[in-house]
Every structure is written in structure tokens, then in C-alpha cells.
Amino acid sequence: MNTVFLLAALGMMVSIALAMIRVVGGPTVLDRIVGVNVIGSETTVLLLIIGYLFNAVSMFVDIAIAYAMLNFILSIGVTKFFLRRKGRSLHNTQKD
Amino acid sequence: MSLLSWIVTLFLMAGVFFFIVGSVGILRFPDFYSRLHAAGKCDTLASALVLGAIALFGLRDFDWNSLQSWENLRVSLKVMMIVLFVCVASPSATHAITKAAFIVGVEPWEKRKRNR
């Protein structure tokens, strides 16, 4: 059963790497926000799998709850900040 | 392996499959809104599948008299609470991002624009 969890964790890390490409090279700011949101919710799951691999899941589940809430607040907050910012340019190339 | 281990394995593999499909969708779709579609839907389903598998795995070898079993049950209930929270929070976060994109004025993708 440990092997199955390890394989699942590896697949999820591949998925995080694929989403990270969009975060690094996304054309607009909103693409990056979506990528970070996906990476956050995958990290929530990955934390629980790490908990089972280390036999300490009763500790890791609390961290996962906190991370899920933090991920939600992060995406809402960054979106609000993006809307209230002056200029609201989609591409973050500053043309001063 | 027991029956529960097979079910857990099935759920885990399905969840990882949907995570990878969602990430490929984020990479490959041409438009911001369709990327958001791939991200939001696959994310909720895949999280629910993998977390449900983890919660089921905590219930293996349940014994009424051992304290460790009840501890595992408590952990499983907490994991199911994460599933409930994600099922509420992830669509609303996606909705907020979509609304921001709509206010800013991101244009939807059309096939004709490619040939310009």
C-alpha cells in the first residue's frame, strides 16, 4: 500500500510541475493566479499522502486543513488586490 | 490485498489521472476562460477522489476496542471535512477569478482570430 501512495505522490508532483509551467510563463496575471490555485489544492492532497508515508497523518491533517483555507483566502485576496490596483494592466510588463 | 485496498487504489489512481488531465488542460487550452474551466472542474473532482481514498484508507482494520481505530476515524472525519470545504471553496474561488477577468475585459477566444 505504501508503494501505491508513493506512486500517487509522484503523479501529483508531475501535475504540479505541469501547472508550474503555466505559473512561470503565463501570458496574463490571471493565468498565474489560476496556476497557483491549482498548485495549492494539489499541495493540500500531497500533504496528506506525505502524512501516510511518514505514519503521522493525525498531525498532517491539521496542516492540510490550514493549507486548504489559506489557499482559498489567497486566491480571493489576490483577485481583489488585482482588481483594486491602479492601472489594472493584464500583462505585468511595466511601461513607465 | 483486501477489497478496501483495491477501492483505495482505484480512487487514488482516478484522482491522480484527473489532476494530470487538469494540468494538461491548463497548459494546452487556447483561452483564459477555457483554462479556468479545466482548472476549476478537474481540481474539485480530483481532490474529492484522492481525499476520499485517504479517508477510506484510515478506516482499515477497524476495531471497536482499540483506541488507535477511533483516532483513525477522527482523522478520516477531518479529511472528509476538508473535502466539504474544498467543494465549497474551490468553485467560489474560480468564480471570483472569472469575475475579475470579466471586469478587466479578457476577450474570449474565437477561431477566426487565429487567421488574422
# chains A, B, ... in the order shown; residues from 1 in each chain; ligands from 1
>>> select_by_dssp(residues="chain B", states="helix (DSSP H, G or I)", output="PyMOL selection string")
chain B and resi 3-28+32-57+67-104+112-115
>>> interface_residues(of="chain A", to="chain B", cutoff="6 Å", atoms="only C-alpha atoms", output="ChimeraX atom specification")
/A:15,18-19,58,76
>>> atom_distance(atom1="atom CA of A:Leu10", atom2="atom CA of A:Gly25")
23.1 Å
>>> atom_distance(atom1="atom CA of A:Gly11", atom2="atom CA of A:Thr28")
27.1 Å
>>> atom_distance(atom1="atom CA of B:Phe29", atom2="atom CA of B:Phe11")
26.3 Å
>>> residues_around(residues="A:Ile33", least_positions_apart="6", cutoff="8 Å", atoms="only C-alpha atoms", output="NGL selection string")
:A and (23 or 75 or 78-79)
>>> write_last_selection(atoms="N, CA and C atoms", output="PDB file, in the first residue's frame")
ATOM      1  N   VAL A  23       2.393  28.843 -14.450  1.00  0.00           N
ATOM      2  CA  VAL A  23       2.625  29.936 -13.500  1.00  0.00           C
ATOM      3  C   VAL A  23       3.825  30.773 -13.931  1.00  0.00           C
ATOM      4  N   SER A  75      -6.408  33.010  -3.038  1.00  0.00           N
ATOM      5  CA  SER A  75      -6.893  33.304  -4.394  1.00  0.00           C
ATOM      6  C   SER A  75      -7.919  34.437  -4.368  1.00  0.00           C
ATOM      7  N   VAL A  78      -5.842  37.765  -3.665  1.00  0.00           N
ATOM      8  CA  VAL A  78      -5.032  38.234  -4.790  1.00  0.00           C
ATOM      9  C   VAL A  78      -5.929  38.778  -5.893  1.00  0.00           C
ATOM     10  N   THR A  79      -7.099  38.143  -6.090  1.00  0.00           N
ATOM     11  CA  THR A  79      -8.020  38.644  -7.103  1.00  0.00           C
ATOM     12  C   THR A  79      -8.540  40.033  -6.755  1.00  0.00           C
TER      13      THR A  79
END
>>> residues_around(residues="A:Val36", least_positions_apart="4", cutoff="10 Å", atoms="only C-alpha atoms", output="PyMOL selection string")
chain A and resi 16+19-20+22-23+30-32+40-42+71+74-75
>>> write_last_selection(atoms="N, CA and C atoms", output="PDB file, in the first residue's frame")
ATOM      1  N   ILE A  16       1.974  18.995 -10.559  1.00  0.00           N
ATOM      2  CA  ILE A  16       2.392  20.304 -10.036  1.00  0.00           C
ATOM      3  C   ILE A  16       3.424  20.942 -10.959  1.00  0.00           C
ATOM      4  N   ALA A  19       1.641  22.400 -13.925  1.00  0.00           N
ATOM      5  CA  ALA A  19       0.961  23.658 -13.617  1.00  0.00           C
ATOM      6  C   ALA A  19       1.960  24.781 -13.383  1.00  0.00           C
ATOM      7  N   MET A  20       3.155  24.411 -12.900  1.00  0.00           N
ATOM      8  CA  MET A  20       4.168  25.432 -12.635  1.00  0.00           C
ATOM      9  C   MET A  20       4.654  26.093 -13.921  1.00  0.00           C
ATOM     10  N   ARG A  22       2.750  26.892 -16.379  1.00  0.00           N
ATOM     11  CA  ARG A  22       1.787  27.967 -16.648  1.00  0.00           C
ATOM     12  C   ARG A  22       2.006  29.141 -15.696  1.00  0.00           C
ATOM     13  N   VAL A  23       2.393  28.843 -14.450  1.00  0.00           N
ATOM     14  CA  VAL A  23       2.625  29.936 -13.500  1.00  0.00           C
ATOM     15  C   VAL A  23       3.825  30.773 -13.931  1.00  0.00           C
ATOM     16  N   LEU A  30      -3.769  36.785 -14.529  1.00  0.00           N
ATOM     17  CA  LEU A  30      -4.844  35.901 -14.065  1.00  0.00           C
ATOM     18  C   LEU A  30      -4.506  34.435 -14.309  1.00  0.00           C
ATOM     19  N   ASP A  31      -3.764  34.147 -15.395  1.00  0.00           N
ATOM     20  CA  ASP A  31      -3.314  32.773 -15.620  1.00  0.00           C
ATOM     21  C   ASP A  31      -2.439  32.289 -14.477  1.00  0.00           C
ATOM     22  N   ARG A  32      -1.570  33.186 -14.023  1.00  0.00           N
ATOM     23  CA  ARG A  32      -0.698  32.805 -12.905  1.00  0.00           C
ATOM     24  C   ARG A  32      -1.519  32.538 -11.654  1.00  0.00           C
ATOM     25  N   GLY A  40      -1.938  24.979  -5.126  1.00  0.00           N
ATOM     26  CA  GLY A  40      -2.299  24.946  -3.706  1.00  0.00           C
ATOM     27  C   GLY A  40      -3.200  23.788  -3.363  1.00  0.00           C
ATOM     28  N   SER A  41      -4.203  23.534  -4.204  1.00  0.00           N
ATOM     29  CA  SER A  41      -5.109  22.442  -3.851  1.00  0.00           C
ATOM     30  C   SER A  41      -4.450  21.085  -4.058  1.00  0.00           C
ATOM     31  N   GLU A  42      -3.450  21.010  -4.948  1.00  0.00           N
ATOM     32  CA  GLU A  42      -2.710  19.756  -5.052  1.00  0.00           C
ATOM     33  C   GLU A  42      -1.791  19.565  -3.861  1.00  0.00           C
ATOM     34  N   ASN A  71      -5.251  28.576   0.987  1.00  0.00           N
ATOM     35  CA  ASN A  71      -5.290  28.609  -0.474  1.00  0.00           C
ATOM     36  C   ASN A  71      -6.516  29.371  -0.958  1.00  0.00           C
ATOM     37  N   LEU A  74      -6.068  33.021  -0.209  1.00  0.00           N
ATOM     38  CA  LEU A  74      -5.045  33.589  -1.103  1.00  0.00           C
ATOM     39  C   LEU A  74      -5.631  33.938  -2.457  1.00  0.00           C
ATOM     40  N   SER A  75      -6.408  33.010  -3.038  1.00  0.00           N
ATOM     41  CA  SER A  75      -6.893  33.304  -4.394  1.00  0.00           C
ATOM     42  C   SER A  75      -7.919  34.437  -4.368  1.00  0.00           C
TER      43      SER A  75
END
